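Asks: Can you keep this structure in mind? I'll have questions shortly.
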Amino acid sequence: MELLGKRVLRRIPWGCLALAAVFGAWLARPGLVAEAAREGLGRCGAVVVPTLFPFFVLSNLFVRRGYHRYVAALVRPLMGPLFGLSPAAAGPLVLGAVGGYPVGAATVFQLYDRGQLDAREASRALAFCNNAGPGFILGVAGLGLLGSVRLGVVLYAVHLLTAAAVGLLLRRPAAAGRPALPPAGEAEPFPASLVGAVRDAAAAIVQVCAFLVFFSVVLAWLQLLPLWARLPDAVGPLAAGAVELSTGVARLAGLPAGTAMTACAFLLGWGGLCVHCQVLSLRGSRAIGLRPYFCGKLLQGLLSAAAVQLLAGRWLLPLLALAAAGLAGMAARKLPSGNRAVGDV
């Protein structure tokens, strides 16, 4: 009888039942779903499209025209010795630092498609080349949350330095005999490059906004759970930011300045589930493993929070964060970084 019960439990489509329950709950509260989706769309129109779409176009154009080679020439002495990557990875490193999530990831995938990065290099580059942009950090986090552009500059500096630290921690020896840069092919006409760049950027921004709207609805429903109401004051915004970055940063406003800055640094480094789904969507069916990426973003979040606490003269939390970051770094170094198998993230 017990064996029969176990067989029945194994055959129950739990995923289907859970999805049906969510579907029914959303049908029961269509007003809540519509309002959350409307807020997400408003955030897309006010923040996401104006700050990301121009950078998407420029990053696509940058790669299509082969201009990443000039950036690679400037930082070529650093990419191999510091990060164990081809000089071509300098393109997403720079564009990811100035373009914001997920411009760096989009550039990595473009270089992979063009044979500038192999699967292992692309996987490790994603871990530290996909970052929040200066517009979001200075405007939303610095001025909007902390009321100071100067503190926004500090956050941005911490964000970039910890990204570089993740690249160092995840470094592996560069492939032997790999050419510094593949020979340049014949450039397509500039009008064709521009049209293709705008078209690809439009497709990418639609995906970004679609995930933001969906996760805005998910977050609105999570906040209805009784457990959410019992979360401590600092944990609620962190939980929200772990799902959707801009929402979590906005909700840190009610916390003390030091706590808000530390939590904001962690969220900027982590990126949020919405950003990670955008990266998954942009990857498509490419054979690039993302496990090092997830470990790298967690590592960057912990290092960022520790750095802000150290700047404030506190030591206990940074020691705990650095210990956790060390464990995450060691785990990430052991993970396969490319040529994912079927079902691999």
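Letters for chains follow the order of the structure tokens (A, B, ...), residue numbers begin at 1 for each chain, and ligand numbers begin at 1 in the order shown.
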Compile the contact shell of range 154-163 of chain A as a PDB file with C-alpha atoms, in the first residue's frame: residues with an atom at most 6 Å away, counting only C-alpha atoms, same-chain residues fewer than 2 positions apart removed.

Replies:
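Contents of around02.pdb, as written:
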```
ATOM      1  CA  PHE A 128      31.831  39.986 -14.493  1.00  0.00           C
ATOM      2  CA  LEU A 151      27.467  58.406  -2.883  1.00  0.00           C
ATOM      3  CA  GLY A 152      26.263  57.173  -6.255  1.00  0.00           C
ATOM      4  CA  ALA A 165      37.536  41.115  -8.432  1.00  0.00           C
ATOM      5  CA  VAL A 166      35.068  38.448  -9.586  1.00  0.00           C
ATOM      6  CA  GLN A 300      29.826  40.336  -6.695  1.00  0.00           C
TER       7      GLN A 300
END
```

Asks: Could you go through range 212-288 of chain A and tell me which residues DSSP, when run on the backbone, assigns to alpha helix (DSSP H), listing them as a ChimeraX atom specification?

Replies: /A:212-222,226-229,235-243,245-250,257-270,273-283

Asks: Near range 55-61 of chain A, counting only C-alpha atoms, which residues have an atom at most 7 Å away, once you skip same-chain residues fewer than 2 positions from it, shown as an MDAnalysis selection string?

Replies: chainID A and resid 52:53 63:65 95 99 103 107 193:194 197:198 201

Asks: Between A:Ala312, A:Cys295, A:Ala257, A:Ala306, which is the closest to Ser148 in chain A once you count only C-alpha atoms?

Replies: A:Ala257

Asks: Show which residues sit within 10 Å of Pro237 in chain A, as a PyMOL selection string. Count only C-alpha atoms, and ignore same-chain residues fewer than 5 positions away.

Replies: chain A and resi 231-232+242-243+245+247-255+260+263-264+267

Asks: Generate the output file for the selected residues, N, CA and C atoms, as an mmCIF file, in the first residue's frame.

Replies:
```
data_model
loop_
_atom_site.group_PDB
_atom_site.id
_atom_site.type_symbol
_atom_site.label_atom_id
_atom_site.label_comp_id
_atom_site.auth_asym_id
_atom_site.auth_seq_id
_atom_site.Cartn_x
_atom_site.Cartn_y
_atom_site.Cartn_z
ATOM 1 N N LEU A 231 8.251 39.755 7.215
ATOM 2 C CA LEU A 231 9.670 39.972 6.974
ATOM 3 C C LEU A 231 10.150 41.235 7.680
ATOM 4 N N PRO A 232 11.373 41.227 8.245
ATOM 5 C CA PRO A 232 11.930 42.449 8.839
ATOM 6 C C PRO A 232 12.024 43.572 7.821
ATOM 7 N N ALA A 242 15.821 41.124 -5.021
ATOM 8 C CA ALA A 242 16.329 39.848 -5.513
ATOM 9 C C ALA A 242 15.488 39.334 -6.675
ATOM 10 N N VAL A 243 14.221 39.769 -6.728
ATOM 11 C CA VAL A 243 13.342 39.403 -7.830
ATOM 12 C C VAL A 243 13.451 40.427 -8.960
ATOM 13 N N LEU A 245 15.238 44.296 -9.718
ATOM 14 C CA LEU A 245 16.229 45.217 -9.169
ATOM 15 C C LEU A 245 15.666 46.606 -8.893
ATOM 16 N N THR A 247 12.672 47.780 -8.485
ATOM 17 C CA THR A 247 11.664 47.814 -7.423
ATOM 18 C C THR A 247 12.314 47.716 -6.058
ATOM 19 N N GLY A 248 13.283 46.805 -5.903
ATOM 20 C CA GLY A 248 13.956 46.650 -4.622
ATOM 21 C C GLY A 248 14.731 47.887 -4.221
ATOM 22 N N VAL A 249 15.438 48.495 -5.179
ATOM 23 C CA VAL A 249 16.201 49.715 -4.865
ATOM 24 C C VAL A 249 15.261 50.832 -4.429
ATOM 25 N N ALA A 250 14.130 50.977 -5.092
ATOM 26 C CA ALA A 250 13.182 52.031 -4.725
ATOM 27 C C ALA A 250 12.640 51.822 -3.314
ATOM 28 N N ARG A 251 12.483 50.573 -2.892
ATOM 29 C CA ARG A 251 11.894 50.294 -1.581
ATOM 30 C C ARG A 251 12.897 50.344 -0.441
ATOM 31 N N LEU A 252 14.156 50.573 -0.749
ATOM 32 C CA LEU A 252 15.156 50.758 0.306
ATOM 33 C C LEU A 252 15.085 52.143 0.922
ATOM 34 N N ALA A 253 14.240 53.009 0.375
ATOM 35 C CA ALA A 253 14.224 54.411 0.786
ATOM 36 C C ALA A 253 13.859 54.582 2.260
ATOM 37 N N GLY A 254 13.086 53.673 2.840
ATOM 38 C CA GLY A 254 12.672 53.829 4.229
ATOM 39 C C GLY A 254 13.687 53.362 5.245
ATOM 40 N N LEU A 255 14.816 52.838 4.816
ATOM 41 C CA LEU A 255 15.828 52.304 5.727
ATOM 42 C C LEU A 255 16.857 53.371 6.088
ATOM 43 N N ALA A 260 20.691 51.133 3.850
ATOM 44 C CA ALA A 260 20.190 51.229 2.480
ATOM 45 C C ALA A 260 21.332 51.142 1.475
ATOM 46 N N ALA A 263 22.650 47.464 1.374
ATOM 47 C CA ALA A 263 21.689 46.602 0.678
ATOM 48 C C ALA A 263 21.660 46.927 -0.805
ATOM 49 N N CYS A 264 21.739 48.215 -1.146
ATOM 50 C CA CYS A 264 21.725 48.612 -2.552
ATOM 51 C C CYS A 264 22.958 48.073 -3.272
ATOM 52 N N LEU A 267 22.336 44.443 -4.038
ATOM 53 C CA LEU A 267 21.358 44.234 -5.109
ATOM 54 C C LEU A 267 21.942 44.596 -6.468
#
```

Asks: For Val153 in chain A, which residue among A:Trp270, A:Gly104, A:Leu32, A:Gly133 is the nearest when counting only C-alpha atoms?

Replies: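 Going through A:Trp270, A:Gly104, A:Leu32, A:Gly133 one by one, the smallest distance to Val153 in chain A is for A:Gly133.
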